[in-house]
Amino acid sequence: MTEEIATDVVIIGAGPVGLFAVFELGLLDLRCHLVDILDRPGGQCAELYPEKPIYDIPGFPVVTGQGLVDNLMQQIAPFAPEFHFSRMVTGLERLGDEGFRVTTDDGEVIRARIVVVAAGGGSFQPKRPPLDGIEAFEGKSVFYSVRRMDDFRDQDVVIVGGGDSALDWTLNLEPIARSLTLVHRRDEFKAAPASVNKMKELVADGRISFQLGQIARIEGEGGQLNHVHLTTKAGDLSIPSTRLLPFFGLTMRLGPVADWGLELNDNLIAVDTEKFESSVPGIFAIGDINAYPGKLKLILSGFHEAALMAQAAKKLASPNERLVFQYTTSSTKLQRKLGVVG
Amino acid sequence: MKIFVTDAAGIEHELEGLDGWRAMEVIRDWGVGIRAECGGACSCATCHVYVDAAHFGQLPAASDDEEDLLCSALDRRDNSRLSCQILLSEALDGLRVTIAPSAAGPA
């Protein structure tokens with residue numbers, strides 16, 4: 001049995017709004033754990049547009065997605081939030097007045113007084129190729145990520161895609177696979193040039209093969225793949241294959257949020273605009289995942305929601321404590337928490 | 001100017017387009033179901049549409065970024081574009097697009 005982690009607040013989603021919630025909650029002495037399906041902070045800012053400029057963050061005429069995330073990480077560092085990356089929250093159970101028990105797909109159990117859902121557009125999941133019957137092969141011979149290299153040792157591996165994941169795994173698996181074929185629809189790759197060059201060397205040396213085309217059909221039995229059929233300009237092609245790794249990027253799905261008994265409105269969590277609390281007391285929802293009249297899906301709206309949510313969360317967590325509203329510019333108490341005065 | 005958008009259910013919507021808007025923004029603004037997850041940053045492929053033959057050739061060529069993303073769309077066809085990269089103008093009056101299955105979202 002895993003040991004339970006105890007904290008004040010679990011934040012589901014480590015995008016910009018979840019990160020800023022750490023700040024607002026931290027000023028009120030609430031400690032946070034964050035759970036995110038990605039392997040790093042930033043959510044959509046980090047996954048979808050790290051290099052793209054954002055022009056509507058107050059005080060920043062222009063900032064990139066990654067720049068904003070880096071700044072937020074620096075801003076919340078004094079509150080030492082704990083991150084659980086590459087994890088999805090699968091269970092959310094109410095423990096009477098004691099708060100909630102949050103379970104992740106890795107078996108971690110976190111007990112918290114407050115839960116804040118800051119899950120944006122949902123959790124990022126790999127895009128599944130529209131191939132008949134692919135579900136039966138998933139986790140057996142078709143994988144969307146490499147968790148154990150050994151699953152690919154001495155196998156006939158087909159990797160599909162032209163991004164960093166496809167190229168990185170082509171290079172990493174080549175030494176241990178029996179054969180390896182990279183399939184991409186274009187002869188251009190959106191990956192680090194060094195990886196692309198290395199891949200081309202491997203092709204030139206005859207150690208891997210590259211096919212310009214797309215995957216049309218997979219064939220096998222009992223979840224075990226034996227052939228991948230490709231459509232190429234030169235015609236149809238069938239490759240003996242025992243492992244398939246499609247890397248078509250990520251897409252967002254609402255995921256388990258739908259199962260937690262929260263009132264939803266078009267797959268968004270309905271909240272009030274005073275506390276940004278869901279229909280379940282103690283569970284708040286901020287950022288793109290919530291819905292209320294007049295809602296705008298802007299990062300800055302999420303920041304505002306985080307500030308108001310934190311006040312309500314504090315009252316719930318410490319009902320007998322008188323909450324005095326303070327400014328970071330003038331309160332030495334707050335400045336001490338931020339580590340800017342001794 | 002008008003644009004005609006066929007949704008996931010095959011229903012065609014006649015929408016008032018606006019000069020200088022992106023097709024994705026018009027589709028989303030009128031509440032026709034399109035996912036458009038990244039909000040127009042040319043960073044996902046969830047505003048993928050098929051463009052009618054009469055207008056496809058009039059569009060400026062796709063950027064490398066758009067081309068890469070279209071490659072990640074699993075239902076790409078020869079007339080595929082990302083609707084966030086289609087800047088509307090009077091010249092595109094009457095544009096007809098169909099939302100690709102992978103981009104269809106709740107209205």
# chains A, B, ... in the order shown; residues from 1 in each chain; ligands from 1
>>> select_by_dssp(residues="segment 149-243 of chain A", states="strand (DSSP E or B)", output="PyMOL selection string")
chain A and resi 156-160+163+179-184+190+209-221+224-232+235-240+243
>>> residues_around(residues="Asp272 of chain A", least_positions_apart="6", cutoff="9 Å", atoms="only C-alpha atoms", output="PDB file with N, CA and C atoms, in the first residue's frame")
ATOM      1  N   SER A 278     -17.008  24.476  -7.906  1.00  0.00           N
ATOM      2  CA  SER A 278     -17.878  23.610  -8.706  1.00  0.00           C
ATOM      3  C   SER A 278     -19.115  23.268  -7.890  1.00  0.00           C
ATOM      4  N   SER A 279     -19.931  22.364  -8.415  1.00  0.00           N
ATOM      5  CA  SER A 279     -21.137  21.962  -7.691  1.00  0.00           C
ATOM      6  C   SER A 279     -20.800  21.136  -6.451  1.00  0.00           C
ATOM      7  N   ALA A 291     -16.853  27.028 -16.758  1.00  0.00           N
ATOM      8  CA  ALA A 291     -17.860  27.736 -17.546  1.00  0.00           C
ATOM      9  C   ALA A 291     -18.707  28.585 -16.621  1.00  0.00           C
ATOM     10  N   TYR A 292     -18.937  29.824 -17.014  1.00  0.00           N
ATOM     11  CA  TYR A 292     -19.862  30.718 -16.308  1.00  0.00           C
ATOM     12  C   TYR A 292     -20.283  31.786 -17.293  1.00  0.00           C
TER      13      TYR A 292
END
>>> closest_atom_pairs(of="chain A", to="chain B", cutoff="6 Å", atoms="only C-alpha atoms", output="CSV")
residue,atom,partner,partner_atom,distance
A:Leu48,CA,B:Ser43,CA,5.4
A:Tyr49,CA,B:Ser43,CA,6.0
A:Phe248,CA,B:Ser72,CA,5.1
>>> select_by_dssp(residues="segment 103-341 of chain A", states="helix (DSSP H, G or I)", output="VMD selection string")
chain A and resid 134 to 137 149 to 152 164 to 173 193 to 204 255 to 259 287 to 289 299 to 317 332 to 337
>>> write_last_selection(atoms="C-alpha atoms", output="PDB file, in the first residue's frame")
ATOM      1  CA  ILE A 134      -6.006  -0.699 -33.661  1.00  0.00           C
ATOM      2  CA  GLU A 135      -7.428  -0.745 -30.114  1.00  0.00           C
ATOM      3  CA  ALA A 136      -6.833  -4.502 -29.867  1.00  0.00           C
ATOM      4  CA  PHE A 137      -3.103  -3.996 -30.481  1.00  0.00           C
ATOM      5  CA  MET A 149      13.078  -0.075 -24.162  1.00  0.00           C
ATOM      6  CA  ASP A 150      13.139  -3.837 -23.664  1.00  0.00           C
ATOM      7  CA  ASP A 151       9.675  -4.102 -25.230  1.00  0.00           C
ATOM      8  CA  PHE A 152      11.411  -3.263 -28.513  1.00  0.00           C
ATOM      9  CA  ASP A 164      11.250  14.914 -32.400  1.00  0.00           C
ATOM     10  CA  SER A 165       9.605  11.892 -30.763  1.00  0.00           C
ATOM     11  CA  ALA A 166       9.708   9.873 -33.990  1.00  0.00           C
ATOM     12  CA  LEU A 167      13.317  10.812 -34.706  1.00  0.00           C
ATOM     13  CA  ASP A 168      14.565  10.398 -31.131  1.00  0.00           C
ATOM     14  CA  TRP A 169      13.103   6.920 -30.831  1.00  0.00           C
ATOM     15  CA  THR A 170      14.382   5.944 -34.246  1.00  0.00           C
ATOM     16  CA  LEU A 171      17.888   6.736 -33.026  1.00  0.00           C
ATOM     17  CA  ASN A 172      17.403   5.179 -29.593  1.00  0.00           C
ATOM     18  CA  LEU A 173      15.819   1.950 -30.740  1.00  0.00           C
ATOM     19  CA  PRO A 193      18.538  18.900 -37.427  1.00  0.00           C
ATOM     20  CA  ALA A 194      21.232  16.811 -35.709  1.00  0.00           C
ATOM     21  CA  SER A 195      18.753  13.961 -35.217  1.00  0.00           C
ATOM     22  CA  VAL A 196      17.565  14.218 -38.809  1.00  0.00           C
ATOM     23  CA  ASN A 197      21.149  14.027 -40.089  1.00  0.00           C
ATOM     24  CA  LYS A 198      21.913  11.036 -37.885  1.00  0.00           C
ATOM     25  CA  MET A 199      18.790   9.277 -39.120  1.00  0.00           C
ATOM     26  CA  LYS A 200      19.808   9.916 -42.736  1.00  0.00           C
ATOM     27  CA  GLU A 201      23.245   8.436 -42.021  1.00  0.00           C
ATOM     28  CA  LEU A 202      21.618   5.306 -40.620  1.00  0.00           C
ATOM     29  CA  VAL A 203      19.493   5.016 -43.762  1.00  0.00           C
ATOM     30  CA  ALA A 204      22.552   5.523 -45.983  1.00  0.00           C
ATOM     31  CA  GLY A 255     -10.708  12.436 -19.553  1.00  0.00           C
ATOM     32  CA  PRO A 256     -11.763  11.346 -16.076  1.00  0.00           C
ATOM     33  CA  VAL A 257     -12.981  14.840 -15.076  1.00  0.00           C
ATOM     34  CA  ALA A 258     -16.330  13.752 -16.487  1.00  0.00           C
ATOM     35  CA  ASP A 259     -16.607  10.980 -13.881  1.00  0.00           C
ATOM     36  CA  GLY A 287      -9.011  28.548 -16.338  1.00  0.00           C
ATOM     37  CA  ASP A 288     -10.231  27.119 -19.641  1.00  0.00           C
ATOM     38  CA  ILE A 289     -11.945  24.129 -18.013  1.00  0.00           C
ATOM     39  CA  ILE A 299      -4.931  33.253 -19.475  1.00  0.00           C
ATOM     40  CA  LEU A 300      -5.537  36.529 -17.673  1.00  0.00           C
ATOM     41  CA  SER A 301      -9.102  35.483 -16.788  1.00  0.00           C
ATOM     42  CA  GLY A 302      -7.663  32.320 -15.271  1.00  0.00           C
ATOM     43  CA  PHE A 303      -5.298  34.403 -13.143  1.00  0.00           C
ATOM     44  CA  HIS A 304      -8.213  36.429 -11.778  1.00  0.00           C
ATOM     45  CA  GLU A 305     -10.147  33.248 -11.088  1.00  0.00           C
ATOM     46  CA  ALA A 306      -7.141  31.830  -9.208  1.00  0.00           C
ATOM     47  CA  ALA A 307      -7.003  34.854  -6.902  1.00  0.00           C
ATOM     48  CA  LEU A 308     -10.675  34.684  -5.980  1.00  0.00           C
ATOM     49  CA  MET A 309     -10.609  30.915  -5.664  1.00  0.00           C
ATOM     50  CA  ALA A 310      -7.686  31.157  -3.220  1.00  0.00           C
ATOM     51  CA  GLN A 311      -9.650  33.418  -0.872  1.00  0.00           C
ATOM     52  CA  ALA A 312     -12.552  30.972  -0.829  1.00  0.00           C
ATOM     53  CA  ALA A 313     -10.253  27.970  -0.442  1.00  0.00           C
ATOM     54  CA  LYS A 314      -8.557  29.591   2.549  1.00  0.00           C
ATOM     55  CA  LYS A 315     -11.907  30.201   4.268  1.00  0.00           C
ATOM     56  CA  LEU A 316     -12.799  26.578   3.718  1.00  0.00           C
ATOM     57  CA  ALA A 317      -9.448  25.253   4.909  1.00  0.00           C
ATOM     58  CA  THR A 332       5.995  42.490   5.310  1.00  0.00           C
ATOM     59  CA  LYS A 333       4.232  39.255   6.241  1.00  0.00           C
ATOM     60  CA  LEU A 334       3.625  38.460   2.583  1.00  0.00           C
ATOM     61  CA  GLN A 335       7.089  39.680   1.612  1.00  0.00           C
ATOM     62  CA  ARG A 336       8.592  37.297   4.151  1.00  0.00           C
ATOM     63  CA  LYS A 337       6.704  34.421   2.546  1.00  0.00           C
TER      64      LYS A 337
END
>>> residues_around(residues="Ala36 of chain B", least_positions_apart="5", cutoff="9 Å", atoms="only C-alpha atoms", output="list in words")
Met24, Glu25, Arg28, Cys44, Ala45, Thr46, Cys47, His48, Ser83, Cys84, Ala103, Ala104 and Gly105 of chain B
>>> closest_residue(among="A:Leu262, A:Leu244, A:Leu27, A:Ile176", to="Phe325 of chain A", atoms="only C-alpha atoms")
A:Leu27
>>> residues_around(residues="Asp52 of chain B", least_positions_apart="3", cutoff="7 Å", atoms="only C-alpha atoms", output="PyMOL selection string")
chain B and resi 55-56+96-97
>>> write_last_selection(atoms="C-alpha atoms", output="PDB file, in the first residue's frame")
ATOM      1  CA  HIS B  55     -11.082  28.391 -53.826  1.00  0.00           C
ATOM      2  CA  PHE B  56      -8.275  26.020 -52.859  1.00  0.00           C
ATOM      3  CA  ARG B  96     -16.808  26.562 -49.068  1.00  0.00           C
ATOM      4  CA  VAL B  97     -15.101  24.418 -46.455  1.00  0.00           C
TER       5      VAL B  97
END
>>> closest_residue(among="B:Gly40, B:Ile11, B:Gly33, B:Gly57", to="Leu95 of chain B", atoms="only C-alpha atoms")
B:Gly57
>>> residues_around(residues="segment 72-74 of chain A", least_positions_apart="5", cutoff="12 Å", atoms="only C-alpha atoms", output="short mmCIF file (atom, residue, chain, number, x, y, z; two decimals) with N, CA and C atoms, in the first residue's frame")
data_model
loop_
_atom_site.label_atom_id
_atom_site.label_comp_id
_atom_site.auth_asym_id
_atom_site.auth_seq_id
_atom_site.Cartn_x
_atom_site.Cartn_y
_atom_site.Cartn_z
N ALA A 14 -0.92 21.67 -14.56
CA ALA A 14 0.18 22.59 -14.25
C ALA A 14 0.42 23.56 -15.39
N GLY A 15 -0.66 24.03 -16.00
CA GLY A 15 -0.57 25.08 -17.01
C GLY A 15 -0.42 26.42 -16.31
N PRO A 16 -0.44 27.51 -17.07
CA PRO A 16 -0.19 28.82 -16.46
C PRO A 16 -1.13 29.14 -15.31
N VAL A 17 -2.39 28.76 -15.45
CA VAL A 17 -3.37 29.10 -14.42
C VAL A 17 -3.16 28.25 -13.16
N GLY A 18 -2.88 26.97 -13.35
CA GLY A 18 -2.58 26.11 -12.20
C GLY A 18 -1.33 26.60 -11.47
N LEU A 19 -0.33 27.03 -12.23
CA LEU A 19 0.90 27.53 -11.62
C LEU A 19 0.63 28.80 -10.81
N PHE A 20 -0.13 29.72 -11.41
CA PHE A 20 -0.38 30.97 -10.69
C PHE A 20 -1.24 30.73 -9.44
N ALA A 21 -2.07 29.69 -9.48
CA ALA A 21 -2.88 29.36 -8.30
C ALA A 21 -1.96 29.03 -7.11
N VAL A 22 -0.80 28.43 -7.40
CA VAL A 22 0.16 28.12 -6.33
C VAL A 22 0.57 29.41 -5.62
N PHE A 23 0.74 30.46 -6.40
CA PHE A 23 1.15 31.75 -5.84
C PHE A 23 0.05 32.31 -4.93
N GLU A 24 -1.15 32.39 -5.45
CA GLU A 24 -2.24 32.97 -4.67
C GLU A 24 -2.54 32.14 -3.42
N ARG A 40 6.37 18.07 -17.97
CA ARG A 40 6.96 19.34 -17.58
C ARG A 40 5.83 20.34 -17.35
N PRO A 41 6.13 21.48 -16.66
CA PRO A 41 5.06 22.44 -16.41
C PRO A 41 4.73 23.24 -17.67
N GLY A 42 3.55 23.86 -17.67
CA GLY A 42 3.23 24.80 -18.74
C GLY A 42 1.98 24.48 -19.54
N CYS A 45 0.79 26.07 -23.09
CA CYS A 45 1.87 27.01 -23.39
C CYS A 45 3.16 26.27 -23.70
N VAL A 63 5.42 38.02 -24.79
CA VAL A 63 6.12 36.96 -24.05
C VAL A 63 5.79 35.65 -24.77
N GLY A 65 5.16 31.50 -24.97
CA GLY A 65 4.51 30.54 -24.09
C GLY A 65 5.50 30.01 -23.05
N GLN A 66 6.68 29.62 -23.51
CA GLN A 66 7.67 29.07 -22.58
C GLN A 66 8.20 30.15 -21.64
N GLY A 67 8.35 31.38 -22.16
CA GLY A 67 8.82 32.48 -21.33
C GLY A 67 7.87 32.74 -20.18
N PHE A 79 7.18 29.11 -2.78
CA PHE A 79 6.16 28.28 -2.13
C PHE A 79 6.43 26.79 -2.30
N ALA A 80 7.55 26.46 -2.93
CA ALA A 80 8.00 25.07 -3.08
C ALA A 80 6.88 24.08 -3.41
N PRO A 81 6.17 24.32 -4.50
CA PRO A 81 5.11 23.38 -4.87
C PRO A 81 5.73 22.04 -5.26
N GLU A 82 4.98 20.98 -5.08
CA GLU A 82 5.50 19.67 -5.50
C GLU A 82 4.75 19.22 -6.74
N PHE A 83 5.53 18.72 -7.72
CA PHE A 83 4.94 18.35 -9.01
C PHE A 83 4.90 16.84 -9.18
N PHE A 303 -6.06 33.83 -14.26
CA PHE A 303 -5.30 34.40 -13.14
C PHE A 303 -6.25 35.05 -12.13
N LEU A 338 7.49 35.46 0.53
CA LEU A 338 8.10 35.47 -0.81
C LEU A 338 9.62 35.46 -0.73
#
>>> atom_distance(atom1="atom CA of Gly96 of chain A", atom2="atom CA of Gly282 of chain A")
10.8 Å
>>> decode(residues="segment 28-73 of chain B", atoms="N, CA and C atoms", output="mmCIF file, in the first residue's frame")
data_model
loop_
_atom_site.group_PDB
_atom_site.id
_atom_site.type_symbol
_atom_site.label_atom_id
_atom_site.label_comp_id
_atom_site.auth_asym_id
_atom_site.auth_seq_id
_atom_site.Cartn_x
_atom_site.Cartn_y
_atom_site.Cartn_z
ATOM 1 N N ARG B 28 -15.927 29.501 -35.405
ATOM 2 C CA ARG B 28 -16.077 29.390 -33.951
ATOM 3 C C ARG B 28 -17.075 30.427 -33.435
ATOM 4 N N ASP B 29 -16.970 31.648 -33.977
ATOM 5 C CA ASP B 29 -17.822 32.727 -33.514
ATOM 6 C C ASP B 29 -19.305 32.448 -33.771
ATOM 7 N N TRP B 30 -19.578 31.766 -34.882
ATOM 8 C CA TRP B 30 -20.966 31.453 -35.199
ATOM 9 C C TRP B 30 -21.424 30.166 -34.502
ATOM 10 N N GLY B 31 -20.546 29.553 -33.753
ATOM 11 C CA GLY B 31 -20.958 28.395 -32.967
ATOM 12 C C GLY B 31 -21.073 27.101 -33.751
ATOM 13 N N VAL B 32 -20.413 27.037 -34.901
ATOM 14 C CA VAL B 32 -20.371 25.764 -35.628
ATOM 15 C C VAL B 32 -19.243 24.937 -34.986
ATOM 16 N N GLY B 33 -19.518 23.655 -34.750
ATOM 17 C CA GLY B 33 -18.583 22.850 -33.955
ATOM 18 C C GLY B 33 -17.210 22.653 -34.574
ATOM 19 N N ILE B 34 -16.219 23.301 -34.009
ATOM 20 C CA ILE B 34 -14.834 23.110 -34.445
ATOM 21 C C ILE B 34 -13.972 23.179 -33.193
ATOM 22 N N ARG B 35 -12.982 22.274 -33.098
ATOM 23 C CA ARG B 35 -12.235 22.187 -31.835
ATOM 24 C C ARG B 35 -11.285 23.371 -31.666
ATOM 25 N N ALA B 36 -10.494 23.666 -32.665
ATOM 26 C CA ALA B 36 -9.589 24.843 -32.619
ATOM 27 C C ALA B 36 -8.910 24.993 -31.265
ATOM 28 N N GLU B 37 -8.246 23.939 -30.840
ATOM 29 C CA GLU B 37 -7.732 23.876 -29.472
ATOM 30 C C GLU B 37 -6.694 24.942 -29.132
ATOM 31 N N CYS B 38 -5.806 25.242 -30.053
ATOM 32 C CA CYS B 38 -4.730 26.171 -29.665
ATOM 33 C C CYS B 38 -5.152 27.609 -29.868
ATOM 34 N N GLY B 39 -6.350 27.827 -30.383
ATOM 35 C CA GLY B 39 -6.874 29.179 -30.461
ATOM 36 C C GLY B 39 -6.322 30.004 -31.608
ATOM 37 N N GLY B 40 -5.750 29.351 -32.604
ATOM 38 C CA GLY B 40 -5.313 30.093 -33.781
ATOM 39 C C GLY B 40 -3.824 30.339 -33.848
ATOM 40 N N ALA B 41 -3.047 29.614 -33.052
ATOM 41 C CA ALA B 41 -1.599 29.821 -33.019
ATOM 42 C C ALA B 41 -0.856 28.974 -34.056
ATOM 43 N N CYS B 42 -1.588 28.276 -34.918
ATOM 44 C CA CYS B 42 -0.984 27.363 -35.875
ATOM 45 C C CYS B 42 -0.083 26.365 -35.129
ATOM 46 N N SER B 43 -0.649 25.773 -34.084
ATOM 47 C CA SER B 43 0.126 24.881 -33.236
ATOM 48 C C SER B 43 -0.514 23.523 -33.016
ATOM 49 N N CYS B 44 -1.760 23.358 -33.477
ATOM 50 C CA CYS B 44 -2.357 22.036 -33.366
ATOM 51 C C CYS B 44 -2.917 21.767 -34.758
ATOM 52 N N ALA B 45 -3.778 20.802 -34.926
ATOM 53 C CA ALA B 45 -4.363 20.643 -36.256
ATOM 54 C C ALA B 45 -5.857 20.446 -36.093
ATOM 55 N N THR B 46 -6.413 21.071 -35.056
ATOM 56 C CA THR B 46 -7.814 20.804 -34.748
ATOM 57 C C THR B 46 -8.752 21.866 -35.315
ATOM 58 N N CYS B 47 -8.293 22.604 -36.334
ATOM 59 C CA CYS B 47 -9.212 23.460 -37.088
ATOM 60 C C CYS B 47 -9.098 23.088 -38.566
ATOM 61 N N HIS B 48 -8.686 21.852 -38.779
ATOM 62 C CA HIS B 48 -8.459 21.304 -40.118
ATOM 63 C C HIS B 48 -9.760 21.266 -40.936
ATOM 64 N N VAL B 49 -9.702 21.839 -42.158
ATOM 65 C CA VAL B 49 -10.876 21.816 -43.042
ATOM 66 C C VAL B 49 -10.462 21.372 -44.454
ATOM 67 N N TYR B 50 -11.448 20.916 -45.206
ATOM 68 C CA TYR B 50 -11.260 20.635 -46.626
ATOM 69 C C TYR B 50 -11.830 21.821 -47.397
ATOM 70 N N VAL B 51 -11.054 22.342 -48.328
ATOM 71 C CA VAL B 51 -11.450 23.548 -49.052
ATOM 72 C C VAL B 51 -11.956 23.165 -50.441
ATOM 73 N N ASP B 52 -13.035 23.813 -50.872
ATOM 74 C CA ASP B 52 -13.597 23.469 -52.185
ATOM 75 C C ASP B 52 -12.619 23.812 -53.304
ATOM 76 N N ALA B 53 -12.752 23.088 -54.383
ATOM 77 C CA ALA B 53 -11.796 23.195 -55.487
ATOM 78 C C ALA B 53 -11.719 24.615 -56.040
ATOM 79 N N ALA B 54 -12.866 25.317 -56.061
ATOM 80 C CA ALA B 54 -12.890 26.645 -56.665
ATOM 81 C C ALA B 54 -12.007 27.635 -55.909
ATOM 82 N N HIS B 55 -11.834 27.425 -54.623
ATOM 83 C CA HIS B 55 -11.082 28.391 -53.826
ATOM 84 C C HIS B 55 -9.711 27.892 -53.384
ATOM 85 N N PHE B 56 -9.520 26.571 -53.409
ATOM 86 C CA PHE B 56 -8.275 26.020 -52.859
ATOM 87 C C PHE B 56 -7.042 26.666 -53.490
ATOM 88 N N GLY B 57 -7.076 26.786 -54.814
ATOM 89 C CA GLY B 57 -5.925 27.334 -55.525
ATOM 90 C C GLY B 57 -5.684 28.812 -55.267
ATOM 91 N N GLN B 58 -6.730 29.502 -54.764
ATOM 92 C CA GLN B 58 -6.588 30.943 -54.501
ATOM 93 C C GLN B 58 -5.857 31.229 -53.194
ATOM 94 N N LEU B 59 -5.768 30.212 -52.335
ATOM 95 C CA LEU B 59 -5.173 30.446 -51.023
ATOM 96 C C LEU B 59 -3.653 30.496 -51.143
ATOM 97 N N PRO B 60 -3.024 31.364 -50.356
ATOM 98 C CA PRO B 60 -1.559 31.354 -50.345
ATOM 99 C C PRO B 60 -1.073 29.980 -49.868
ATOM 100 N N ALA B 61 0.084 29.575 -50.325
ATOM 101 C CA ALA B 61 0.605 28.252 -49.959
ATOM 102 C C ALA B 61 0.754 28.131 -48.448
ATOM 103 N N ALA B 62 0.620 26.929 -47.957
ATOM 104 C CA ALA B 62 0.759 26.685 -46.522
ATOM 105 C C ALA B 62 2.203 26.924 -46.090
ATOM 106 N N SER B 63 2.368 27.475 -44.899
ATOM 107 C CA SER B 63 3.726 27.661 -44.342
ATOM 108 C C SER B 63 4.279 26.291 -43.942
ATOM 109 N N ASP B 64 5.563 26.237 -43.659
ATOM 110 C CA ASP B 64 6.165 24.981 -43.199
ATOM 111 C C ASP B 64 5.482 24.473 -41.936
ATOM 112 N N ASP B 65 5.185 25.411 -41.027
ATOM 113 C CA ASP B 65 4.509 25.031 -39.782
ATOM 114 C C ASP B 65 3.168 24.373 -40.070
ATOM 115 N N GLU B 66 2.398 25.021 -40.952
ATOM 116 C CA GLU B 66 1.075 24.476 -41.269
ATOM 117 C C GLU B 66 1.216 23.117 -41.952
ATOM 118 N N GLU B 67 2.177 23.027 -42.856
ATOM 119 C CA GLU B 67 2.392 21.780 -43.591
ATOM 120 C C GLU B 67 2.731 20.633 -42.625
ATOM 121 N N ASP B 68 3.586 20.924 -41.644
ATOM 122 C CA ASP B 68 3.947 19.906 -40.650
ATOM 123 C C ASP B 68 2.725 19.440 -39.871
ATOM 124 N N LEU B 69 1.902 20.423 -39.499
ATOM 125 C CA LEU B 69 0.726 20.078 -38.703
ATOM 126 C C LEU B 69 -0.266 19.274 -39.529
ATOM 127 N N LEU B 70 -0.417 19.665 -40.801
ATOM 128 C CA LEU B 70 -1.331 18.912 -41.664
ATOM 129 C C LEU B 70 -0.859 17.475 -41.798
ATOM 130 N N CYS B 71 0.467 17.293 -41.774
ATOM 131 C CA CYS B 71 1.020 15.938 -41.841
ATOM 132 C C CYS B 71 0.640 15.120 -40.614
ATOM 133 N N SER B 72 0.383 15.812 -39.505
ATOM 134 C CA SER B 72 0.018 15.078 -38.295
ATOM 135 C C SER B 72 -1.483 14.808 -38.250
ATOM 136 N N ALA B 73 -2.242 15.452 -39.130
ATOM 137 C CA ALA B 73 -3.680 15.199 -39.182
ATOM 138 C C ALA B 73 -3.889 13.870 -39.894
#
